[in-house]
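Enquirer: File target-v4.txt below, compact mmCIF, C-alpha atoms and all ligand atoms:
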# COMPACT_ATOMS: atom_id res chain seq x y z
CA MET N 4 34.58 109.37 118.20
CA SER N 5 31.21 109.00 116.53
CA ALA N 6 29.02 112.00 115.65
CA ASN N 7 26.91 113.08 118.61
CA PRO N 8 23.42 114.20 117.51
CA GLU N 9 22.93 115.96 120.88
CA ARG N 10 25.99 118.17 120.63
CA SER N 11 24.92 121.16 118.55
CA GLN N 12 22.13 123.43 119.74
CA ARG N 13 22.31 125.53 116.59
CA LEU N 14 19.51 125.81 114.09
CA THR N 15 20.30 123.56 111.15
CA VAL N 16 19.69 124.07 107.46
CA PRO N 17 16.63 121.73 107.52
CA ALA N 18 15.32 123.52 110.64
CA PHE N 19 15.64 126.82 108.80
CA GLN N 20 13.64 125.39 105.90
CA ALA N 21 11.00 123.98 108.26
CA MET N 22 10.38 127.53 109.50
CA LYS N 23 9.05 128.41 106.05
CA ARG N 24 6.74 125.40 106.03
CA ARG N 25 5.37 126.44 109.43
CA GLY N 26 4.93 130.03 108.25
CA GLN N 27 7.37 131.20 110.94
CA LYS N 28 9.21 134.38 109.90
CA ILE N 29 13.00 134.20 109.88
CA ALA N 30 15.11 137.01 111.39
CA VAL N 31 18.71 137.35 110.18
CA LEU N 32 21.37 139.96 111.00
CA THR N 33 25.00 140.34 110.04
CA ALA N 34 27.87 140.05 112.53
CA TYR N 35 31.62 140.21 112.08
CA ASP N 36 33.03 139.75 115.61
CA PHE N 37 32.63 137.70 118.80
CA SER N 38 30.85 140.22 121.07
CA THR N 39 28.29 141.34 118.51
CA ALA N 40 27.55 137.76 117.46
CA LEU N 41 27.07 136.79 121.12
CA MET N 42 24.57 139.64 121.70
CA LEU N 43 22.62 138.97 118.50
CA ASP N 44 22.48 135.24 119.23
CA GLN N 45 21.28 135.84 122.78
CA ALA N 46 18.68 138.27 121.43
CA GLY N 47 17.22 135.36 119.47
CA VAL N 48 18.09 135.94 115.81
CA ASP N 49 17.57 132.82 113.71
CA GLY N 50 20.48 133.40 111.35
CA ILE N 51 23.75 135.28 111.54
CA LEU N 52 25.41 136.25 108.30
CA VAL N 53 29.10 137.04 108.19
CA GLY N 54 28.48 139.27 105.19
CA ASP N 55 31.08 140.58 102.79
CA SER N 56 29.51 143.92 103.77
CA LEU N 57 32.32 143.80 106.34
CA SER N 58 34.48 145.17 103.52
CA MET N 59 32.48 148.42 103.84
CA VAL N 60 31.24 148.67 107.43
CA VAL N 61 34.30 147.22 109.17
CA GLN N 62 37.18 147.76 106.76
CA GLY N 63 36.02 151.09 105.31
CA HIS N 64 36.21 150.17 101.61
CA GLU N 65 33.76 151.77 99.17
CA ASN N 66 32.32 148.43 98.02
CA THR N 67 32.44 144.71 98.85
CA LEU N 68 35.08 143.76 96.28
CA PRO N 69 38.31 144.16 98.29
CA VAL N 70 37.64 141.79 101.22
CA THR N 71 39.62 138.55 100.90
CA LEU N 72 38.80 134.94 101.77
CA ASP N 73 41.39 134.98 104.58
CA GLU N 74 39.78 138.10 106.03
CA MET N 75 36.28 136.59 105.82
CA ILE N 76 37.57 133.49 107.59
CA TYR N 77 39.30 135.60 110.26
CA HIS N 78 35.98 137.30 111.11
CA ALA N 79 33.85 134.17 110.68
CA LYS N 80 36.02 132.37 113.27
CA MET N 81 35.15 135.04 115.84
CA VAL N 82 31.44 134.70 115.06
CA GLY N 83 31.67 130.91 115.03
CA ARG N 84 33.10 130.95 118.57
CA ALA N 85 30.18 133.02 119.90
CA VAL N 86 27.05 131.54 118.40
CA GLN N 87 25.10 128.84 120.24
CA ARG N 88 21.68 128.93 118.57
CA ALA N 89 21.57 130.73 115.24
CA LEU N 90 22.44 129.24 111.87
CA VAL N 91 25.71 130.87 110.79
CA VAL N 92 26.26 131.63 107.10
CA VAL N 93 29.43 133.12 105.61
CA ASP N 94 29.63 135.11 102.38
CA MET N 95 32.00 133.85 99.72
CA PRO N 96 33.90 136.98 98.71
CA PHE N 97 34.68 138.05 95.15
CA PRO N 98 35.97 136.06 93.19
CA THR N 99 36.18 132.88 95.25
CA TYR N 100 33.35 131.06 93.42
CA GLN N 101 33.51 132.69 89.98
CA LEU N 102 36.51 130.70 88.75
CA GLY N 103 34.95 127.26 88.44
CA ALA N 104 33.49 124.53 90.61
CA ILE N 105 36.76 123.10 91.93
CA ARG N 106 38.00 126.49 93.14
CA ALA N 107 34.58 127.21 94.65
CA ILE N 108 34.55 123.87 96.52
CA GLU N 109 38.12 124.44 97.80
CA ASN N 110 37.25 127.92 99.06
CA ALA N 111 33.88 127.05 100.56
CA ALA N 112 35.38 123.98 102.23
CA ARG N 113 38.00 126.22 103.89
CA ILE N 114 35.17 128.33 105.31
CA LEU N 115 33.38 125.30 106.76
CA LYS N 116 36.57 123.62 108.03
CA GLU N 117 38.11 126.68 109.65
CA THR N 118 35.22 128.71 111.06
CA HIS N 119 32.66 126.50 112.81
CA CYS N 120 30.02 128.08 110.52
CA GLN N 121 27.46 125.95 108.72
CA ALA N 122 26.81 127.36 105.25
CA VAL N 123 28.07 129.75 102.59
CA LYS N 124 26.27 132.45 100.64
CA LEU N 125 27.03 133.49 97.10
CA GLU N 126 25.57 136.02 94.68
CA SER N 127 24.01 134.18 91.80
CA THR N 128 22.23 134.36 88.49
CA ALA N 129 21.14 131.30 86.53
CA ASP N 130 24.77 131.20 85.29
CA GLN N 131 26.01 130.17 88.76
CA ALA N 132 23.62 127.18 89.05
CA GLU N 133 26.40 124.72 88.23
CA ILE N 134 28.58 126.12 91.01
CA ILE N 135 25.73 125.87 93.54
CA GLU N 136 25.07 122.29 92.44
CA ALA N 137 28.73 121.34 92.84
CA LEU N 138 28.93 122.85 96.32
CA VAL N 139 25.69 121.29 97.57
CA GLY N 140 26.58 117.97 95.96
CA ASN N 141 29.76 117.99 98.04
CA GLY N 142 28.08 118.68 101.35
CA ILE N 143 28.30 122.47 101.45
CA PRO N 144 24.95 124.21 102.09
CA VAL N 145 24.43 127.27 99.91
CA MET N 146 22.29 130.33 100.48
CA ALA N 147 21.89 132.08 97.12
CA HIS N 148 21.69 135.88 96.74
CA VAL N 149 19.60 137.22 93.86
CA GLY N 150 18.53 140.71 92.74
CA LEU N 151 20.92 143.50 93.60
CA ARG N 152 24.27 141.73 93.74
CA PRO N 153 26.80 144.14 95.25
CA GLN N 154 29.80 142.22 93.87
CA THR N 155 28.67 143.27 90.37
CA VAL N 156 28.45 146.97 91.26
CA HIS N 157 30.65 148.01 88.33
CA VAL N 158 28.50 146.14 85.83
CA MET N 159 25.30 147.61 87.33
CA GLY N 160 26.86 151.10 87.41
CA GLY N 161 25.75 151.60 91.02
CA TYR N 162 23.37 150.10 93.55
CA ARG N 163 19.94 150.04 91.92
CA VAL N 164 16.64 148.29 92.53
CA GLN N 165 16.49 145.31 90.15
CA ARG N 166 13.15 145.23 88.33
CA GLU N 167 13.46 142.65 85.55
CA GLU N 168 10.85 140.20 86.84
CA GLN N 169 11.48 137.40 84.36
CA ARG N 170 15.22 137.45 85.04
CA LEU N 171 14.73 137.53 88.81
CA VAL N 172 12.33 134.59 88.70
CA GLN N 173 14.73 132.66 86.46
CA ASP N 174 17.70 133.33 88.77
CA ALA N 175 15.88 132.43 91.99
CA LYS N 176 14.35 129.26 90.50
CA ALA N 177 17.73 128.20 89.09
CA ALA N 178 19.23 128.56 92.58
CA GLU N 179 16.46 126.48 94.12
CA GLN N 180 16.78 123.81 91.46
CA ALA N 181 20.54 123.68 91.94
CA GLY N 182 20.00 122.88 95.62
CA ALA N 183 20.30 126.23 97.44
CA PHE N 184 18.60 125.94 100.86
CA ALA N 185 17.47 129.58 100.94
CA VAL N 186 17.72 132.70 98.83
CA VAL N 187 18.40 136.31 99.76
CA LEU N 188 16.38 138.74 97.64
CA GLU N 189 18.04 142.16 97.66
CA CYS N 190 16.35 145.35 96.46
CA ILE N 191 13.64 144.00 94.20
CA PRO N 192 9.98 145.07 93.97
CA SER N 193 7.80 143.73 96.80
CA SER N 194 5.39 142.16 94.30
CA VAL N 195 8.18 140.08 92.70
CA ALA N 196 9.51 139.01 96.12
CA ALA N 197 6.00 137.96 97.19
CA ARG N 198 5.58 135.96 93.99
CA LEU N 199 8.93 134.22 94.54
CA THR N 200 8.08 133.47 98.16
CA GLU N 201 4.87 131.83 96.98
CA GLU N 202 6.46 129.87 94.13
CA LEU N 203 9.68 128.69 95.80
CA SER N 204 9.79 125.90 98.36
CA ILE N 205 12.96 127.33 99.96
CA PRO N 206 12.87 130.36 102.31
CA THR N 207 13.25 133.82 100.81
CA ILE N 208 15.16 136.26 103.00
CA GLY N 209 14.50 139.84 101.93
CA ILE N 210 16.52 143.02 102.19
CA GLY N 211 14.71 145.81 100.43
CA ALA N 212 12.27 143.24 99.07
CA GLY N 213 9.15 144.11 101.04
CA PRO N 214 7.11 142.31 103.69
CA GLY N 215 6.10 139.27 101.62
CA CYS N 216 9.35 137.33 102.16
CA ASP N 217 9.77 134.39 104.55
CA GLY N 218 12.38 136.34 106.49
CA GLN N 219 14.33 139.57 106.62
CA VAL N 220 18.01 140.40 106.86
CA LEU N 221 19.69 143.71 107.67
CA VAL N 222 23.30 144.77 107.98
CA SER N 223 23.61 145.18 111.76
CA HIS N 224 25.63 148.40 111.47
CA ASP N 225 22.67 149.95 109.60
CA MET N 226 20.07 148.49 111.98
CA LEU N 227 21.98 149.72 115.03
CA GLY N 228 22.56 153.21 113.66
CA LEU N 229 26.32 152.83 113.35
CA THR N 230 26.45 153.87 109.70
CA PRO N 231 26.12 157.54 108.72
CA GLN N 232 22.81 159.00 107.56
CA PRO N 233 21.16 159.14 105.10
CA ARG N 234 20.76 155.38 105.05
CA PRO N 235 19.19 153.36 102.22
CA ARG N 236 15.37 153.42 102.09
CA HIS N 237 15.06 149.75 103.07
CA VAL N 238 16.93 150.23 106.35
CA ARG N 239 15.19 150.72 109.69
CA ALA N 240 17.53 151.88 112.45
CA TYR N 241 16.35 150.38 115.74
CA ALA N 242 18.93 152.40 117.68
CA GLU N 243 21.31 155.27 117.03
CA LEU N 244 24.40 153.73 118.59
CA GLY N 245 26.71 155.92 116.52
CA GLU N 246 25.36 158.99 118.33
CA THR N 247 25.48 157.22 121.72
CA ILE N 248 29.12 156.21 121.20
CA ALA N 249 30.16 159.68 120.03
CA ARG N 250 28.43 161.25 123.07
CA ALA N 251 30.09 158.80 125.48
CA ALA N 252 33.53 159.33 123.93
CA GLY N 253 33.06 163.12 124.05
CA GLN N 254 32.09 162.93 127.74
CA PHE N 255 35.14 160.77 128.47
CA CYS N 256 37.45 163.34 126.82
CA GLU N 257 35.84 166.15 128.81
CA ASP N 258 36.14 164.22 132.11
CA VAL N 259 39.81 163.35 131.50
CA ARG N 260 40.67 166.95 130.61
CA SER N 261 38.78 168.41 133.57
CA GLY N 262 40.16 165.85 136.03
CA GLN N 263 36.70 164.31 136.65
CA PHE N 264 37.93 160.88 135.57
CA PRO N 265 39.10 158.78 137.29
CA GLY N 266 37.35 159.52 140.58
CA GLU N 267 37.85 157.84 143.93
CA LYS N 268 35.48 155.01 142.93
CA GLU N 269 37.61 154.15 139.91
CA SER N 270 40.93 154.31 141.83
CA PHE N 271 42.74 151.93 144.23
CA ALA N 272 43.70 152.76 147.83
O1 LIG X 1 27.09 141.21 102.83
C1 LIG X 1 25.98 141.33 103.37
O2 LIG X 1 25.84 141.86 104.49
C2 LIG X 1 24.81 140.84 102.64
C3 LIG X 1 23.47 141.26 103.14
C4 LIG X 1 23.21 142.64 102.67
C5 LIG X 1 22.42 140.32 102.73
O3 LIG X 1 24.95 140.18 101.67
Rewrite the structure of this file - the entire thing - as structure tokens.

Expert:
Amino acid sequence: MSANPERSQRLTVPAFQAMKRRGQKIAVLTAYDFSTALMLDQAGVDGILVGDSLSMVVQGHENTLPVTLDEMIYHAKMVGRAVQRALVVVDMPFPTYQLGAIRAIENAARILKETHCQAVKLESTADQAEIIEALVGNGIPVMAHVGLRPQTVHVMGGYRVQREEQRLVQDAKAAEQAGAFAVVLECIPSSVAARLTEELSIPTIGIGAGPGCDGQVLVSHDMLGLTPQPRPRHVRAYAELGETIARAAGQFCEDVRSGQFPGEKESFA
């Protein structure tokens, strides 16, 4: 069978890049399962990221280090089955790209082959440029992730705003030069993010990087109010679903215990 250009309705990597050229802001959210991905896609997000944040918000670990490649693929498959329109990007977990280009290509290729997702994301400094180049050169689109890089939490000694402008500019430009199609800028000063957005030809997707980026990404659990407060400063909760779920579950318990549930309507004759 030959490739059918009509088949996929999803946004492509070039379409994502064209949004920057048109000055069209890019909205990205994370998802880790079929139902959430379906709702976010139908709501019109441009990109869905199967983030390694799943290690924390789904698996309950204290950082993003424990999640494995098999686990990322397991969740990315669910997301891949749901999404019709958004570009789907999957995080390469620690340390699936740190051990050399061949290992990185093998691992990223598994993600693309097994999940029906279109690109990978990796946390990078200028030191990872060679890895990005090897992936892109072998047909694997890469979204880079610069600034606060959660996989290096132990080196950073915590999650801190990254303020070294020269280093940030060097890292983001190295990613672009190596062929990354977009770059996430996490927790950096707004002025630096705005400068990078101006100077790079690829889209910048900010999280805690101010309004000057080409797009924004949030962890959906934060944005939906499913994570406990206080939340990081850069988060805006558009709903408090955690409270709604707790209230609904509490009401269910009360109704079961008082005999209010099930009623006639929920029972069969
Ligand atoms: O893992 C993740 O969800 C991310 C976003 C915070 C960008 O990398």

Enquirer: Quick one: contact table of chain N to ligand LIG 1 (chain X), 7 Å max, nearest atom pair and distance in Å to one decimal per residue, counting only C-alpha atoms and all ligand atoms, chain and number order, as a Markdown table?

Expert:
| residue | atom | partner | partner_atom | distance |
| --- | --- | --- | --- | --- |
| N:Thr33 | CA | X:LIG1 | O2 | 5.8 |
| N:Leu52 | CA | X:LIG1 | O2 | 6.8 |
| N:Val53 | CA | X:LIG1 | O2 | 6.9 |
| N:Gly54 | CA | X:LIG1 | O1 | 3.4 |
| N:Asp55 | CA | X:LIG1 | O1 | 4.0 |
| N:Ser56 | CA | X:LIG1 | O1 | 3.8 |
| N:Leu57 | CA | X:LIG1 | O1 | 6.8 |
| N:Asp94 | CA | X:LIG1 | O1 | 6.6 |
| N:Val187 | CA | X:LIG1 | C5 | 6.4 |
| N:Glu189 | CA | X:LIG1 | C5 | 6.9 |
| N:Ile210 | CA | X:LIG1 | C5 | 6.5 |
| N:Val220 | CA | X:LIG1 | C5 | 6.0 |
| N:Leu221 | CA | X:LIG1 | C4 | 6.2 |
| N:Val222 | CA | X:LIG1 | O2 | 5.2 |

Enquirer: Tell me, in Å to one decimal, how far atom CA of N:Pro144 is from atom CA of N:Ala111.

Expert: 9.5 Å

Enquirer: Quick one: of N:Val61, N:Arg166, N:Phe255, N:Lys124, who's nearest to N:His78, counting only C-alpha atoms?

Expert: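 The shortest atom-to-atom distance to N:His78 comes from N:Val61.
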
Enquirer: Can you tell me how far atom CA of N:Val123 sits from atom CA of N:Arg239, in Å to one decimal?

Expert: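 Pair atom CA of N:Val123 / atom CA of N:Arg239 returns 25.6 Å.
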
Enquirer: What is the distance, in Å and to one decimal place, between atom CA of N:Gln121 and atom CA of N:Val93?

Expert: 8.1 Å

Enquirer: Select, from N:Cys216, N:Val139, N:Met95, N:Ala181, the residue with the minimum atom-to-atom distance to N:Gln27, counting only C-alpha atoms.

Expert: N:Cys216

Enquirer: May I have the residues within 12 Å of N:Pro235 as a list of chain:residue names, using all atoms listed in the file and disregarding those fewer than 2 positions away in the same chain?

Expert: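 Within the cut-off, the hits are N:Tyr162, N:Arg163, N:Val164, N:Cys190, N:Ile210, N:Gly211, N:Leu221, N:Val222, N:Asp225, N:Met226, N:Gly228, N:Thr230, N:Pro231, N:Gln232, N:Pro233, N:His237, N:Val238, N:Arg239, N:Ala240.
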
Enquirer: Quick one: everything within 10 Å of N:Asn66, counting only C-alpha atoms, minus sequence neighbours fewer than 5 positions away in the same chain. Send it as a ChimeraX atom specification.

Expert: /N:55-60,153-157

Enquirer: How would the residues just chosen look if you wrote them out with C-alpha atoms as a PDB file, in the frame of the given file?

Expert:
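File written: out.pdb
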ATOM      1  CA  ASP N  55      31.080 140.580 102.790  1.00  0.00           C
ATOM      2  CA  SER N  56      29.510 143.920 103.770  1.00  0.00           C
ATOM      3  CA  LEU N  57      32.320 143.800 106.340  1.00  0.00           C
ATOM      4  CA  SER N  58      34.480 145.170 103.520  1.00  0.00           C
ATOM      5  CA  MET N  59      32.480 148.420 103.840  1.00  0.00           C
ATOM      6  CA  VAL N  60      31.240 148.670 107.430  1.00  0.00           C
ATOM      7  CA  PRO N 153      26.800 144.140  95.250  1.00  0.00           C
ATOM      8  CA  GLN N 154      29.800 142.220  93.870  1.00  0.00           C
ATOM      9  CA  THR N 155      28.670 143.270  90.370  1.00  0.00           C
ATOM     10  CA  VAL N 156      28.450 146.970  91.260  1.00  0.00           C
ATOM     11  CA  HIS N 157      30.650 148.010  88.330  1.00  0.00           C
TER      12      HIS N 157
END

Enquirer: Counting all atoms listed in the file, what is within 6 Å of N:Ala196, bar same-chain residues fewer than 3 positions away, as a PDB file with C-alpha atoms, in the frame of the given file?

Expert:
ATOM      1  CA  SER N 193       7.800 143.730  96.800  1.00  0.00           C
ATOM      2  CA  LEU N 199       8.930 134.220  94.540  1.00  0.00           C
ATOM      3  CA  ALA N 212      12.270 143.240  99.070  1.00  0.00           C
TER       4      ALA N 212
END

Enquirer: Do you know which residues are at most 9 Å from N:Glu202 counting only C-alpha atoms, after dropping those on the same chain fewer than 4 positions away, and could you put them as a list of chain:residue names?

Expert: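 Non-adjacent residues within range: N:Lys176, N:Ala197, N:Arg198.
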
Enquirer: Show me, as a CSV table (one decimal) with C-alpha atoms, keeping the file's coordinate frame, the residues that have an atom within 10 Å of N:Met146 when counting all atoms listed in the file, minus same-chain residues fewer than 4 positions from it.

Expert:
chain,number,residue,atom,x,y,z
N,16,VAL,CA,19.7,124.1,107.5
N,92,VAL,CA,26.3,131.6,107.1
N,93,VAL,CA,29.4,133.1,105.6
N,94,ASP,CA,29.6,135.1,102.4
N,122,ALA,CA,26.8,127.4,105.2
N,123,VAL,CA,28.1,129.8,102.6
N,124,LYS,CA,26.3,132.4,100.6
N,125,LEU,CA,27.0,133.5,97.1
N,126,GLU,CA,25.6,136.0,94.7
N,127,SER,CA,24.0,134.2,91.8
N,135,ILE,CA,25.7,125.9,93.5
N,178,ALA,CA,19.2,128.6,92.6
N,179,GLU,CA,16.5,126.5,94.1
N,182,GLY,CA,20.0,122.9,95.6
N,183,ALA,CA,20.3,126.2,97.4
N,184,PHE,CA,18.6,125.9,100.9
N,185,ALA,CA,17.5,129.6,100.9
N,186,VAL,CA,17.7,132.7,98.8
N,187,VAL,CA,18.4,136.3,99.8
N,205,ILE,CA,13.0,127.3,100.0
N,206,PRO,CA,12.9,130.4,102.3
N,207,THR,CA,13.2,133.8,100.8
N,208,ILE,CA,15.2,136.3,103.0

Enquirer: With only C-alpha atoms counted, which protein, DNA or RNA residues have an atom no more than 12 Å from (38.8, 128.1, 110.3) in the file frame? Please answer as a list in words.

Expert: Leu72, Asp73, Glu74, Met75, Ile76, Tyr77, His78, Ala79, Lys80, Met81, Val82, Gly83, Arg84, Val93, Asn110, Ala111, Ala112, Arg113, Ile114, Leu115, Lys116, Glu117, Thr118, His119, Cys120 and Gln121 of chain N

Enquirer: Given the choices N:Pro192, N:Gly63, N:Gly160, N:Pro265, which gets closest to N:Val172 if the distance is worked out from all atoms listed in the file?

Expert: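 For N:Val172, the nearest of the candidates is N:Pro192.
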
Enquirer: Point out the residue among N:Gly142, N:Gly103, N:Gly215, N:Gly209 with the least atom-to-atom distance to N:Gly26, counting all atoms listed in the file.

Expert: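 Checking each of N:Gly142, N:Gly103, N:Gly215, N:Gly209 against N:Gly26, counting all atoms listed in the file, the winner is N:Gly215.
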
Enquirer: With distances taken over all atoms listed in the file, which of N:Ala85, N:Val91, N:Ile134, N:Leu188 is nearest to N:Arg106?

Expert: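 That would be N:Ile134, the residue with the smallest distance to N:Arg106.
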
Enquirer: Between N:Val149, N:Ala89, N:Leu229, N:Val70, which one has atoms that come closest to N:Val195, using all atoms listed in the file?

Expert: N:Val149
